file start.txt (compact mmCIF, C-alpha atoms and all ligand atoms)
# COMPACT_ATOMS: atom_id res chain seq x y z
CA MET A 32 -1.30 -38.87 -0.45
CA PRO A 33 0.99 -38.10 2.48
CA ALA A 34 1.49 -41.75 3.59
CA VAL A 35 2.61 -42.72 0.11
CA ASP A 36 4.80 -39.61 -0.04
CA ALA A 37 6.48 -40.64 3.22
CA LEU A 38 7.23 -44.13 1.88
CA ARG A 39 8.48 -42.80 -1.44
CA TRP A 40 10.70 -40.11 0.04
CA ASN A 41 12.06 -42.36 2.78
CA ALA A 42 13.08 -44.86 0.10
CA ARG A 43 14.78 -42.11 -1.89
CA TYR A 44 16.74 -40.88 1.13
CA ARG A 45 17.65 -44.41 2.22
CA GLU A 46 19.01 -45.18 -1.24
CA GLY A 47 20.76 -41.81 -1.51
CA ARG A 48 18.62 -41.00 -4.56
CA HIS A 49 17.58 -37.51 -3.54
CA GLU A 50 18.83 -35.17 -6.24
CA TYR A 51 20.35 -32.57 -3.93
CA ALA A 52 22.64 -33.67 -1.13
CA GLY A 53 24.97 -30.68 -1.25
CA GLY A 54 25.03 -27.56 0.90
CA PRO A 55 22.30 -24.96 1.15
CA ARG A 56 20.60 -23.91 -2.08
CA PRO A 57 22.45 -21.10 -3.87
CA TYR A 58 19.29 -18.97 -3.85
CA LEU A 59 19.42 -19.00 -0.03
CA THR A 60 23.11 -18.12 0.27
CA GLU A 61 22.85 -15.43 -2.42
CA ASN A 62 20.05 -13.78 -0.46
CA ALA A 63 21.63 -14.17 2.97
CA HIS A 64 21.83 -10.38 3.35
CA HIS A 65 17.99 -10.29 3.47
CA LEU A 66 17.75 -12.86 6.29
CA PRO A 67 17.45 -12.23 10.01
CA THR A 68 20.26 -13.66 12.15
CA ARG A 69 18.21 -13.92 15.36
CA GLY A 70 14.87 -15.40 16.29
CA TRP A 71 12.99 -18.40 14.95
CA ALA A 72 12.99 -19.91 11.47
CA LEU A 73 11.00 -22.73 9.88
CA ASP A 74 12.50 -24.87 7.10
CA VAL A 75 9.52 -26.29 5.21
CA ALA A 76 10.14 -29.79 3.81
CA MET A 77 13.76 -29.50 4.93
CA GLY A 78 14.92 -32.85 3.58
CA ARG A 79 18.44 -33.55 4.96
CA GLY A 80 18.43 -30.07 6.48
CA ALA A 81 21.07 -28.23 4.47
CA ALA A 82 19.14 -24.95 4.67
CA ALA A 83 18.26 -25.52 8.32
CA GLY A 84 21.94 -26.08 9.17
CA PHE A 85 22.97 -22.94 7.30
CA LEU A 86 20.44 -20.92 9.33
CA ILE A 87 21.55 -22.47 12.63
CA ASP A 88 25.15 -21.55 11.81
CA ARG A 89 23.93 -17.97 11.24
CA GLY A 90 22.46 -17.79 14.74
CA LEU A 91 18.80 -18.69 14.27
CA ASN A 92 16.71 -21.17 16.22
CA VAL A 93 15.39 -23.49 13.54
CA ILE A 94 12.39 -25.79 13.29
CA GLY A 95 12.76 -28.18 10.38
CA ALA A 96 9.78 -30.20 9.23
CA ASP A 97 9.56 -33.01 6.68
CA ILE A 98 7.41 -36.07 6.14
CA ALA A 99 10.46 -38.33 5.57
CA SER A 100 11.64 -39.61 8.95
CA VAL A 101 14.88 -40.91 7.40
CA ALA A 102 15.83 -37.38 6.32
CA VAL A 103 14.66 -35.78 9.58
CA ARG A 104 16.78 -38.20 11.63
CA ALA A 105 19.85 -37.53 9.47
CA ALA A 106 19.36 -33.77 9.78
CA LYS A 107 19.08 -34.01 13.56
CA GLU A 108 22.32 -36.03 13.68
CA ASP A 109 24.13 -33.35 11.67
CA TRP A 110 22.66 -30.40 13.61
CA PRO A 111 21.88 -31.49 17.21
CA THR A 112 20.30 -28.12 18.09
CA LEU A 113 17.79 -28.41 15.24
CA ASN A 114 14.15 -28.69 16.33
CA ALA A 115 13.45 -31.55 13.94
CA VAL A 116 9.87 -32.59 13.28
CA VAL A 117 8.39 -35.40 11.22
CA ALA A 118 5.21 -33.77 9.93
CA ASP A 119 2.79 -33.82 7.05
CA LEU A 120 2.86 -30.26 5.74
CA THR A 121 -0.52 -30.56 4.09
CA CYS A 122 -1.95 -30.10 7.60
CA PHE A 123 0.63 -28.13 9.56
CA GLU A 124 0.64 -24.82 11.36
CA LEU A 125 2.62 -23.15 14.15
CA ARG A 126 1.53 -20.39 16.51
CA ALA A 127 0.53 -17.10 14.83
CA SER A 128 3.25 -14.43 14.49
CA SER A 129 5.87 -16.78 15.98
CA LEU A 130 8.45 -16.89 13.16
CA ASP A 131 11.04 -14.46 11.81
CA LEU A 132 11.85 -16.50 8.72
CA ILE A 133 10.34 -19.28 6.62
CA VAL A 134 12.36 -21.06 3.93
CA ASN A 135 10.66 -23.38 1.46
CA PHE A 136 12.81 -25.06 -1.18
CA TYR A 137 11.52 -27.43 -3.84
CA TYR A 138 8.27 -28.41 -2.16
CA LEU A 139 5.16 -26.75 -3.59
CA GLU A 140 2.14 -26.84 -1.28
CA ARG A 141 0.02 -23.81 -2.11
CA SER A 142 -2.41 -24.49 0.75
CA LEU A 143 0.43 -23.53 3.13
CA TRP A 144 0.80 -20.01 1.78
CA PRO A 145 -1.97 -18.47 3.93
CA ALA A 146 -0.36 -20.18 6.94
CA PHE A 147 3.01 -18.63 6.02
CA ARG A 148 1.36 -15.23 6.41
CA ARG A 149 -0.16 -16.17 9.77
CA MET A 150 2.97 -17.81 11.22
CA LEU A 151 5.41 -15.03 10.27
CA LYS A 152 5.68 -11.95 12.42
CA PRO A 153 5.02 -8.65 10.63
CA GLY A 154 8.37 -7.89 8.96
CA GLY A 155 9.25 -11.60 8.85
CA VAL A 156 10.84 -12.95 5.67
CA LEU A 157 9.81 -15.76 3.32
CA VAL A 158 12.27 -17.41 0.92
CA LEU A 159 10.64 -19.79 -1.55
CA GLU A 160 12.17 -21.42 -4.62
CA THR A 161 10.86 -24.25 -6.76
CA LEU A 162 10.32 -25.46 -10.31
CA THR A 163 8.11 -23.70 -12.85
CA GLN A 164 5.80 -24.92 -15.59
CA ALA A 165 8.53 -24.20 -18.13
CA MET A 166 9.97 -27.55 -16.96
CA CYS A 167 7.27 -29.21 -19.09
CA LEU A 168 9.21 -28.08 -22.17
CA SER A 169 12.11 -30.40 -21.32
CA GLN A 170 10.19 -32.97 -19.19
CA PRO A 171 6.65 -33.22 -20.65
CA ASP A 172 5.65 -35.94 -18.14
CA THR A 173 6.09 -33.56 -15.16
CA ASP A 174 2.79 -32.97 -13.33
CA PRO A 175 2.00 -29.23 -13.75
CA ALA A 176 0.19 -29.21 -10.38
CA PHE A 177 3.62 -29.31 -8.73
CA LEU A 178 5.01 -26.48 -10.85
CA LEU A 179 4.64 -22.73 -10.51
CA ALA A 180 2.78 -20.81 -13.21
CA PRO A 181 4.59 -17.85 -14.82
CA GLY A 182 4.60 -14.93 -12.38
CA GLU A 183 2.65 -16.90 -9.77
CA LEU A 184 4.83 -15.99 -6.78
CA PRO A 185 4.80 -12.18 -7.10
CA THR A 186 1.04 -12.37 -7.71
CA ALA A 187 0.43 -14.56 -4.64
CA PHE A 188 2.55 -12.28 -2.43
CA ALA A 189 1.61 -9.02 -4.15
CA ASP A 190 1.00 -7.13 -0.91
CA TRP A 191 4.36 -8.22 0.59
CA GLU A 192 7.60 -6.29 0.07
CA ILE A 193 9.40 -8.19 -2.67
CA LEU A 194 13.12 -8.16 -1.82
CA ASP A 195 14.15 -10.44 -4.69
CA TYR A 196 12.40 -12.28 -7.50
CA ARG A 197 13.90 -14.49 -10.17
CA GLU A 198 12.28 -16.65 -12.80
CA GLY A 199 14.13 -18.50 -15.53
CA TRP A 200 16.50 -21.32 -16.30
CA ASN A 201 19.49 -22.17 -14.19
CA THR A 202 21.96 -25.00 -13.74
CA PRO A 203 22.38 -25.62 -10.03
CA HIS A 204 25.78 -27.10 -9.18
CA GLY A 205 26.42 -28.25 -12.73
CA ARG A 206 23.30 -30.42 -12.83
CA SER A 207 20.73 -30.51 -15.65
CA ARG A 208 19.04 -27.23 -16.52
CA ARG A 209 16.05 -26.40 -14.34
CA ALA A 210 13.26 -23.87 -14.85
CA THR A 211 12.80 -22.23 -11.46
CA ALA A 212 11.30 -19.24 -9.72
CA GLY A 213 12.44 -17.86 -6.40
CA ILE A 214 11.12 -15.11 -4.20
CA VAL A 215 12.33 -13.34 -1.08
CA ALA A 216 9.46 -11.37 0.42
CA ARG A 217 8.83 -9.49 3.64
CA ARG A 218 5.44 -9.93 5.31
CA PRO A 219 3.54 -6.65 5.73
C1 LIG A 301 12.67 -32.10 -3.54
S1 LIG A 301 12.77 -32.42 -1.81
C2 LIG A 301 13.34 -30.86 -1.19
C3 LIG A 301 14.08 -31.01 0.10
C4 LIG A 301 14.80 -29.73 0.56
N1 LIG A 301 13.87 -28.67 0.85
C5 LIG A 301 15.82 -29.30 -0.46
O1 LIG A 301 15.74 -28.18 -0.98
O2 LIG A 301 16.70 -30.10 -0.79
C6 LIG A 301 11.05 -32.42 -1.29
C7 LIG A 301 10.86 -32.75 0.18
O3 LIG A 301 9.48 -32.65 0.49
C8 LIG A 301 9.17 -33.64 1.45
N2 LIG A 301 7.71 -33.86 1.43
C9 LIG A 301 6.97 -34.38 0.42
N3 LIG A 301 5.67 -34.41 0.78
C10 LIG A 301 5.59 -33.88 2.05
C11 LIG A 301 4.52 -33.64 2.96
N4 LIG A 301 3.25 -33.93 2.66
N5 LIG A 301 4.81 -33.10 4.15
C12 LIG A 301 6.11 -32.81 4.49
N6 LIG A 301 7.16 -33.01 3.66
C13 LIG A 301 6.90 -33.54 2.45
C14 LIG A 301 10.00 -34.83 1.02
O4 LIG A 301 10.19 -35.77 2.06
C15 LIG A 301 11.30 -34.15 0.57
O5 LIG A 301 12.22 -34.08 1.64
call {"tool": "encode", "arguments": {"input": "start.txt", "output": "structure tokens"}}
result
Amino acid sequence: MPAVDALRWNARYREGRHEYAGGPRPYLTENAHHLPTRGWALDVAMGRGAAAGFLIDRGLNVIGADIASVAVRAAKEDWPTLNAVVADLTCFELRASSLDLIVNFYYLERSLWPAFRRMLKPGGVLVLETLTQAMCLSQPDTDPAFLLAPGELPTAFADWEILDYREGWNTPHGRSRRATAGIVARRP
């Protein structure tokens, strides 16, 4: 329901209710040594653009896409060179082999994964981190469709070169404990 998602997320950003307004996600900064510093990157569901800004500062040209126009506008104000796009990522694709890096934090849209493979150049890098089904242990009302199954990422990207994989509980920036999985993988 993309239209409903846009309304819901715009309201959250307008009211400052989005959980994560800090800098780039620690999983991105901790894996910075795996990232290219030239070329083109896509930040999938970039929100306020913390990851996009981090990548711009590292020398990349960045396209940041999100369905929430409020967040996209704020990101563009903070990083004027950002190629900021309001887009529904359930039907989104860029030119084949056009990207050196894709980052995808806390937005799980499995139908995009084949497009990640097409859009990345051979040797391009994907960084993806989001919540896992273990979250249901502490938040039973969480919809499992939006959570990763155990070991799902390394299975889905089995023929890629896995540069990093983590699955478990962490406490990002002192917030409540989260069950997450993150992968850094190089496209064959
Ligand atoms: C939990 S936030 C994550 C934002 C950012 N990646 C981060 O790590 O802080 C999820 C984001 O997904 C966006 N989103 C939800 N549905 C979307 C859709 N269909 N197309 C594009 N973006 C969508 C929301 O607007 C929101 O910014």
call {"tool": "residues_near_ligand", "arguments": {"input": "start.txt", "ligand": "ligand LIG 301 (chain A)", "cutoff": "6 Å", "atoms": "all atoms listed in the file", "output": "list in words"}}
result
Pro33, Asp36, Trp40, Tyr51, Ala76, Met77, Gly78, Asp97, Ile98, Ala99, Ala118, Asp119, Leu120, Thr121, Phe136, Tyr137 and Tyr138 of chain A
call {"tool": "closest_residue", "arguments": {"input": "start.txt", "among": "A:Asp174, A:Glu198, A:Glu192, A:Glu46", "to": "Val101 in chain A", "atoms": "all atoms listed in the file"}}
result
A:Glu46
call {"tool": "axis_aligned_box", "arguments": {"input": "start.txt", "around": "range 191-210 of chain A", "padding_each_side": "3 Å", "output": "AutoDock Vina command-line options"}}
result
--center_x 15.4 --center_y -18.4 --center_z -8.0 --size_x 28.1 --size_y 30.2 --size_z 23.1
call {"tool": "atom_distance", "arguments": {"input": "start.txt", "atom1": "CA of Ala37 in chain A", "atom2": "CA of Val117 in chain A"}}
result
9.8 Å
call {"tool": "residues_near_point", "arguments": {"input": "start.txt", "point": "(-3.3, -15.8, 6.5)", "cutoff": "12 Å", "atoms": "only C-alpha atoms", "output": "PyMOL selection string"}}
result
chain A and resi 124+127-128+142-153+187-188+218-219
call {"tool": "closest_residue", "arguments": {"input": "start.txt", "among": "A:Val215, A:Ala81, A:Val35, A:Met166", "to": "Gly54 in chain A", "atoms": "all atoms listed in the file"}}
result
A:Ala81
call {"tool": "atom_distance", "arguments": {"input": "start.txt", "atom1": "CA of Gly213 in chain A", "atom2": "CA of Asn201 in chain A"}}
result
11.4 Å
call {"tool": "closest_residue", "arguments": {"input": "start.txt", "among": "A:Asp131, A:Asp195, A:Glu183, A:Asp190", "to": "Ala72 in chain A", "atoms": "only C-alpha atoms"}}
result
A:Asp131
call {"tool": "atom_distance", "arguments": {"input": "start.txt", "atom1": "CA of Leu38 in chain A", "atom2": "CA of Gln170 in chain A"}}
result
24.0 Å
call {"tool": "residues_around", "arguments": {"input": "start.txt", "residues": "Leu132 in chain A", "least_positions_apart": "6", "cutoff": "9 Å", "atoms": "all atoms listed in the file", "output": "PDB file with C-alpha atoms, keeping the file's coordinate frame"}}
result
ATOM      1  CA  LEU A  66      17.750 -12.860   6.290  1.00  0.00           C
ATOM      2  CA  PRO A  67      17.450 -12.230  10.010  1.00  0.00           C
ATOM      3  CA  GLY A  70      14.870 -15.400  16.290  1.00  0.00           C
ATOM      4  CA  TRP A  71      12.990 -18.400  14.950  1.00  0.00           C
ATOM      5  CA  ALA A  72      12.990 -19.910  11.470  1.00  0.00           C
ATOM      6  CA  LEU A  73      11.000 -22.730   9.880  1.00  0.00           C
ATOM      7  CA  ASP A  74      12.500 -24.870   7.100  1.00  0.00           C
ATOM      8  CA  LEU A 151       5.410 -15.030  10.270  1.00  0.00           C
ATOM      9  CA  LYS A 152       5.680 -11.950  12.420  1.00  0.00           C
ATOM     10  CA  GLY A 155       9.250 -11.600   8.850  1.00  0.00           C
ATOM     11  CA  VAL A 156      10.840 -12.950   5.670  1.00  0.00           C
ATOM     12  CA  LEU A 157       9.810 -15.760   3.320  1.00  0.00           C
ATOM     13  CA  VAL A 158      12.270 -17.410   0.920  1.00  0.00           C
TER      14      VAL A 158
END
call {"tool": "closest_residue", "arguments": {"input": "start.txt", "among": "A:Pro55, A:Gly199, A:Gly47, A:Gly182", "to": "Ala83 in chain A", "atoms": "only C-alpha atoms"}}
result
A:Pro55
call {"tool": "closest_residue", "arguments": {"input": "start.txt", "among": "A:Tyr44, A:Gly84, A:Thr202, A:Ala216", "to": "Thr186 in chain A", "atoms": "all atoms listed in the file"}}
result
A:Ala216
call {"tool": "residues_near_point", "arguments": {"input": "start.txt", "point": "(22.7, -19.1, 15.9)", "cutoff": "12 Å", "atoms": "only C-alpha atoms", "output": "JSON, numbers by chain"}}
result
{"A": [67, 68, 69, 70, 71, 72, 83, 84, 85, 86, 87, 88, 89, 90, 91, 92, 93, 110, 112, 113]}
call {"tool": "write_last_selection", "arguments": {"input": "start.txt", "atoms": "C-alpha atoms", "output": "PDB file, in the frame of the given file"}}
result
ATOM      1  CA  PRO A  67      17.450 -12.230  10.010  1.00  0.00           C
ATOM      2  CA  THR A  68      20.260 -13.660  12.150  1.00  0.00           C
ATOM      3  CA  ARG A  69      18.210 -13.920  15.360  1.00  0.00           C
ATOM      4  CA  GLY A  70      14.870 -15.400  16.290  1.00  0.00           C
ATOM      5  CA  TRP A  71      12.990 -18.400  14.950  1.00  0.00           C
ATOM      6  CA  ALA A  72      12.990 -19.910  11.470  1.00  0.00           C
ATOM      7  CA  ALA A  83      18.260 -25.520   8.320  1.00  0.00           C
ATOM      8  CA  GLY A  84      21.940 -26.080   9.170  1.00  0.00           C
ATOM      9  CA  PHE A  85      22.970 -22.940   7.300  1.00  0.00           C
ATOM     10  CA  LEU A  86      20.440 -20.920   9.330  1.00  0.00           C
ATOM     11  CA  ILE A  87      21.550 -22.470  12.630  1.00  0.00           C
ATOM     12  CA  ASP A  88      25.150 -21.550  11.810  1.00  0.00           C
ATOM     13  CA  ARG A  89      23.930 -17.970  11.240  1.00  0.00           C
ATOM     14  CA  GLY A  90      22.460 -17.790  14.740  1.00  0.00           C
ATOM     15  CA  LEU A  91      18.800 -18.690  14.270  1.00  0.00           C
ATOM     16  CA  ASN A  92      16.710 -21.170  16.220  1.00  0.00           C
ATOM     17  CA  VAL A  93      15.390 -23.490  13.540  1.00  0.00           C
ATOM     18  CA  TRP A 110      22.660 -30.400  13.610  1.00  0.00           C
ATOM     19  CA  THR A 112      20.300 -28.120  18.090  1.00  0.00           C
ATOM     20  CA  LEU A 113      17.790 -28.410  15.240  1.00  0.00           C
TER      21      LEU A 113
END
